[in-house]
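Student: So that you have it, the file is structure_25.txt, and it contains compact mmCIF, C-alpha atoms and all ligand atoms:
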```txt
# COMPACT_ATOMS: atom_id res chain seq x y z
CA MET A 24 222.02 132.85 -114.30
CA GLY A 25 224.92 131.69 -112.20
CA ILE A 26 225.23 131.20 -108.50
CA MET A 27 226.69 133.94 -106.34
CA PHE A 28 229.17 133.72 -103.54
CA SER A 29 227.11 136.01 -101.34
CA ASP A 30 228.21 137.49 -98.02
CA ASP A 31 226.17 135.08 -95.92
CA LEU A 32 228.28 132.25 -97.36
CA LYS A 33 231.54 133.81 -96.23
CA THR A 34 233.29 132.26 -93.28
CA ASN A 35 235.83 135.13 -93.16
CA ILE A 36 238.56 132.54 -92.87
CA VAL A 37 240.67 133.25 -95.92
CA SER A 38 241.82 129.76 -96.88
CA ILE A 39 238.33 128.27 -96.47
CA ASP A 40 236.64 131.08 -98.42
CA LEU A 41 239.15 130.74 -101.25
CA GLN A 42 238.45 127.03 -101.50
CA HIS A 43 234.69 127.58 -101.37
CA LYS A 44 235.04 130.12 -104.20
CA GLU A 45 236.81 127.46 -106.29
CA LEU A 46 233.75 125.25 -105.96
CA PHE A 47 231.52 128.14 -107.00
CA ARG A 48 233.72 128.78 -110.00
CA ILE A 49 233.53 125.23 -111.35
CA THR A 50 229.80 125.06 -110.63
CA ASN A 51 229.22 128.25 -112.62
CA GLU A 52 231.34 126.85 -115.43
CA LEU A 53 229.14 123.75 -115.45
CA LEU A 54 225.94 125.84 -115.45
CA ASP A 55 227.35 127.95 -118.30
CA ALA A 56 228.25 124.84 -120.27
CA CYS A 57 224.71 123.54 -119.71
CA ARG A 58 223.24 126.75 -121.08
CA GLN A 59 225.35 126.37 -124.18
CA GLY A 60 224.21 122.78 -124.59
CA LYS A 61 227.67 121.52 -123.62
CA GLY A 62 226.91 120.34 -120.11
CA THR A 63 227.42 116.67 -120.84
CA GLU A 64 230.81 117.46 -122.42
CA PHE A 65 231.89 119.45 -119.40
CA VAL A 66 230.65 117.18 -116.63
CA SER A 67 233.72 114.91 -116.64
CA ASN A 68 235.84 117.97 -115.68
CA VAL A 69 233.60 118.49 -112.69
CA ILE A 70 233.91 114.88 -111.57
CA ASP A 71 237.73 115.07 -111.81
CA PHE A 72 237.73 118.38 -109.97
CA LEU A 73 235.46 117.14 -107.17
CA GLU A 74 237.52 114.06 -106.55
CA LYS A 75 240.60 116.12 -105.73
CA TYR A 76 238.78 119.05 -104.24
CA VAL A 77 236.93 117.20 -101.48
CA LYS A 78 240.15 115.68 -100.21
CA THR A 79 242.11 118.92 -99.87
CA HIS A 80 239.21 121.11 -98.86
CA PHE A 81 237.84 118.81 -96.19
CA ALA A 82 241.36 118.23 -94.88
CA THR A 83 241.77 122.01 -94.47
CA GLU A 84 238.58 122.33 -92.44
CA GLU A 85 239.23 119.20 -90.39
CA LYS A 86 242.71 120.43 -89.49
CA TYR A 87 241.20 123.60 -88.06
CA MET A 88 238.65 121.52 -86.14
CA GLN A 89 241.34 119.33 -84.62
CA ASP A 90 243.73 122.18 -83.86
CA TYR A 91 241.05 124.00 -81.88
CA ASN A 92 239.24 120.98 -80.38
CA TYR A 93 236.02 121.80 -82.17
CA THR A 94 233.07 120.49 -80.19
CA GLU A 95 231.09 119.50 -83.33
CA TYR A 96 234.01 117.77 -85.02
CA ASN A 97 232.35 114.36 -85.30
CA PHE A 98 229.14 115.70 -86.74
CA HIS A 99 230.96 117.90 -89.23
CA LYS A 100 233.30 115.11 -90.30
CA ILE A 101 230.37 112.79 -90.92
CA GLN A 102 228.81 115.40 -93.24
CA HIS A 103 232.09 115.47 -95.16
CA GLU A 104 232.16 111.69 -95.37
CA ILE A 105 228.60 111.60 -96.69
CA PHE A 106 229.49 114.10 -99.41
CA MET A 107 232.67 112.21 -100.30
CA ARG A 108 230.61 109.06 -100.70
CA LYS A 109 228.21 110.97 -102.96
CA VAL A 110 231.13 112.12 -105.10
CA ASP A 111 232.35 108.54 -105.26
CA ASP A 112 228.89 107.33 -106.34
CA LEU A 113 228.74 110.00 -109.03
CA LYS A 114 232.19 109.02 -110.29
CA ASN A 115 231.19 105.34 -110.46
CA GLU A 116 227.97 106.17 -112.24
CA PHE A 117 229.90 108.29 -114.72
CA TYR A 118 232.38 105.52 -115.51
CA LYS A 119 229.60 102.99 -115.85
CA ASN A 120 227.09 104.95 -117.93
CA GLY A 121 229.00 107.89 -119.36
CA PRO A 122 227.70 111.44 -119.49
CA SER A 123 224.02 112.16 -119.99
CA LEU A 124 221.74 115.09 -119.46
CA SER A 125 220.14 113.58 -116.38
CA PHE A 126 223.54 112.79 -114.91
CA THR A 127 224.66 116.38 -115.50
CA VAL A 128 221.55 117.68 -113.75
CA THR A 129 222.21 115.34 -110.80
CA VAL A 130 225.80 116.57 -110.51
CA SER A 131 224.88 120.25 -110.58
CA SER A 132 222.01 119.89 -108.12
CA THR A 133 224.18 117.81 -105.76
CA ILE A 134 226.78 120.60 -105.64
CA VAL A 135 224.29 123.45 -105.45
CA ASN A 136 222.51 121.77 -102.51
CA TRP A 137 225.82 121.25 -100.80
CA LEU A 138 226.82 124.89 -101.31
CA SER A 139 223.65 126.32 -99.96
CA ASN A 140 223.22 123.97 -97.01
CA HIS A 141 226.62 122.84 -95.84
CA ILE A 142 228.58 126.04 -96.41
CA ARG A 143 225.89 128.27 -95.03
CA ASN A 144 225.08 126.23 -91.92
CA VAL A 145 227.72 123.66 -91.00
CA ASP A 146 230.77 125.65 -92.13
CA GLY A 147 229.17 128.83 -90.81
CA GLU A 148 229.00 127.30 -87.32
CA LEU A 149 232.60 126.15 -87.52
CA ALA A 150 233.75 129.63 -88.54
CA LYS A 151 231.82 131.21 -85.69
CA PHE A 152 233.49 128.82 -83.25
CA LEU A 153 236.99 129.41 -84.65
CA ARG A 154 236.70 133.17 -84.54
CA LYS A 155 235.69 132.99 -80.89
CA GLN A 156 238.93 131.24 -79.92
CA SER A 157 241.29 133.81 -78.47
CA ASN A 158 244.33 131.98 -79.85
CA PHE A 159 242.86 131.57 -83.34
CA LYS A 160 245.36 132.08 -86.13
CA GLU A 161 244.70 131.47 -89.79
FE FE B 1 232.65 121.63 -94.01
```
In structure tokens, how does this file's structure come out?
Ligand SMILES: [Fe+2]

Tutor:
Amino acid sequence: MGIMFSDDLKTNIVSIDLQHKELFRITNELLDACRQGKGTEFVSNVIDFLEKYVKTHFATEEKYMQDYNYTEYNFHKIQHEIFMRKVDDLKNEFYKNGPSLSFTVTVSSTIVNWLSNHIRNVDGELAKFLRKQSNFKE
């Protein structure tokens, strides 16, 4: 049982959707590894991935917000900062304590919550705003 990139998660902004799909892909790989009893072996890949991913992905969205003077920029940016701090905490915990089953569960639930709440709601609002701008170009 993986997680699906369903239509209601699409922003219909190609670069953002492609990046969101990347996050789905690694999350499904982690869930697969967990099912095979290899979750704790795989989790370091996820931590490495997340560290790079949040930087490029959030920069992509924030560039759009700045280019089009998005009214909810501050709110949205704060949500990104909170998630980046979470990723940082996870990374520190990993380096301190190493992989464990409970850590792996925390990592996967942190990402799954993010996917279903942030992408659906916060990114959804941003996409709606962008598509309403008459001069919007991807
Ligand atoms: Fe976002």

Student: As an exercise, work out the distance from CA of Thr129 in chain A to CA of Cys57 in chain A in Å and give it to one decimal place.

Tutor: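 Interatomic distance here is 12.4 Å.
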
Student: Return as a ChimeraX atom specification the residues of protein, DNA or RNA that approach ligand FE 1 (chain B) to within 7 Å, with only C-alpha atoms and all ligand atoms taken into account.

Tutor: /A:81,84,99,103,141-142,145-146

Student: Between A:Ser67, A:Ser38, A:Thr94, A:Asn115, which has the minimum distance to Thr79 in chain A (counting only C-alpha atoms)?

Tutor: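 Using only C-alpha atoms, Thr79 in chain A sits closest to A:Ser38.
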
Student: What does the distance from CA of Ala150 in chain A to CA of Ile49 in chain A come to in Å, to one decimal?

Tutor: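 If I compute the distance from CA of Ala150 in chain A to CA of Ile49 in chain A, I get 23.2 Å.
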
Student: Rounded to one decimal in Å, what is the spacing between CA of Val128 in chain A and CA of Asn144 in chain A?

Tutor: 23.7 Å

Student: When you count only C-alpha atoms, which of these residues is closest to Asn158 in chain A: A:Phe28, A:Val77, A:Tyr91, A:Ile134?

Tutor: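 Selected residue with least distance to Asn158 in chain A: A:Tyr91.
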
Student: Residues within 12 Å of Phe126 in chain A, please, as a PDB file with C-alpha atoms, keeping the file's coordinate frame. Count all atoms listed in the file; anything in the same chain fewer than 6 positions from it doesn't count.

Tutor:
```pdb
ATOM      1  CA  CYS A  57     224.710 123.540-119.710  1.00  0.00           C
ATOM      2  CA  GLY A  62     226.910 120.340-120.110  1.00  0.00           C
ATOM      3  CA  THR A  63     227.420 116.670-120.840  1.00  0.00           C
ATOM      4  CA  GLU A  64     230.810 117.460-122.420  1.00  0.00           C
ATOM      5  CA  PHE A  65     231.890 119.450-119.400  1.00  0.00           C
ATOM      6  CA  VAL A  66     230.650 117.180-116.630  1.00  0.00           C
ATOM      7  CA  SER A  67     233.720 114.910-116.640  1.00  0.00           C
ATOM      8  CA  VAL A  69     233.600 118.490-112.690  1.00  0.00           C
ATOM      9  CA  ILE A  70     233.910 114.880-111.570  1.00  0.00           C
ATOM     10  CA  ASP A 112     228.890 107.330-106.340  1.00  0.00           C
ATOM     11  CA  LEU A 113     228.740 110.000-109.030  1.00  0.00           C
ATOM     12  CA  LYS A 114     232.190 109.020-110.290  1.00  0.00           C
ATOM     13  CA  ASN A 115     231.190 105.340-110.460  1.00  0.00           C
ATOM     14  CA  GLU A 116     227.970 106.170-112.240  1.00  0.00           C
ATOM     15  CA  PHE A 117     229.900 108.290-114.720  1.00  0.00           C
ATOM     16  CA  TYR A 118     232.380 105.520-115.510  1.00  0.00           C
ATOM     17  CA  LYS A 119     229.600 102.990-115.850  1.00  0.00           C
ATOM     18  CA  ASN A 120     227.090 104.950-117.930  1.00  0.00           C
ATOM     19  CA  SER A 132     222.010 119.890-108.120  1.00  0.00           C
ATOM     20  CA  THR A 133     224.180 117.810-105.760  1.00  0.00           C
TER      21      THR A 133
END
```

Student: Using all atoms listed in the file, can you tell me which of A:Asn97, A:Asp71, A:Glu85, A:Arg143 comes closest to Asp30 in chain A?

Tutor: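 The shortest atom-to-atom distance to Asp30 in chain A comes from A:Arg143.
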
Student: Which residue gives the smallest distance to Asn68 in chain A among A:Gln42, A:Thr127, A:Gln156, A:Gln89, with all atoms listed in the file counted?

Tutor: A:Thr127

Student: Would you pull range 57-70 of chain A out of the block just shown and save N, CA and C atoms as a tab-separated table (two decimals), in the first residue's frame?

Tutor:
```tsv
chain	number	residue	atom	x	y	z
A	57	CYS	N	10.11	-0.45	4.26
A	57	CYS	CA	9.56	-0.82	5.57
A	57	CYS	C	8.85	-2.16	5.49
A	58	ARG	N	8.07	-2.33	4.42
A	58	ARG	CA	7.33	-3.59	4.26
A	58	ARG	C	8.26	-4.77	4.12
A	59	GLN	N	9.42	-4.52	3.55
A	59	GLN	CA	10.38	-5.62	3.39
A	59	GLN	C	11.31	-5.74	4.60
A	60	GLY	N	10.99	-5.00	5.65
A	60	GLY	CA	11.81	-5.06	6.85
A	60	GLY	C	13.14	-4.33	6.68
A	61	LYS	N	13.22	-3.45	5.67
A	61	LYS	CA	14.49	-2.77	5.41
A	61	LYS	C	14.39	-1.26	5.62
A	62	GLY	N	13.36	-0.86	6.32
A	62	GLY	CA	13.09	0.56	6.52
A	62	GLY	C	14.24	1.28	7.20
A	63	THR	N	14.78	0.66	8.23
A	63	THR	CA	15.85	1.33	8.97
A	63	THR	C	17.13	1.45	8.13
A	64	GLU	N	17.29	0.51	7.15
A	64	GLU	CA	18.45	0.61	6.25
A	64	GLU	C	18.27	1.75	5.26
A	65	PHE	N	17.01	1.97	4.88
A	65	PHE	CA	16.73	2.93	3.82
A	65	PHE	C	16.63	4.36	4.32
A	66	VAL	N	16.33	4.51	5.61
A	66	VAL	CA	15.94	5.83	6.11
A	66	VAL	C	17.03	6.90	5.95
A	67	SER	N	18.31	6.49	5.94
A	67	SER	CA	19.36	7.50	5.77
A	67	SER	C	19.28	8.13	4.38
A	68	ASN	N	18.85	7.32	3.37
A	68	ASN	CA	18.66	7.89	2.01
A	68	ASN	C	17.61	8.99	2.04
A	69	VAL	N	16.58	8.77	2.83
A	69	VAL	CA	15.49	9.74	2.88
A	69	VAL	C	15.96	11.03	3.54
A	70	ILE	N	16.75	10.89	4.58
A	70	ILE	CA	17.26	12.08	5.27
A	70	ILE	C	18.15	12.89	4.31
```
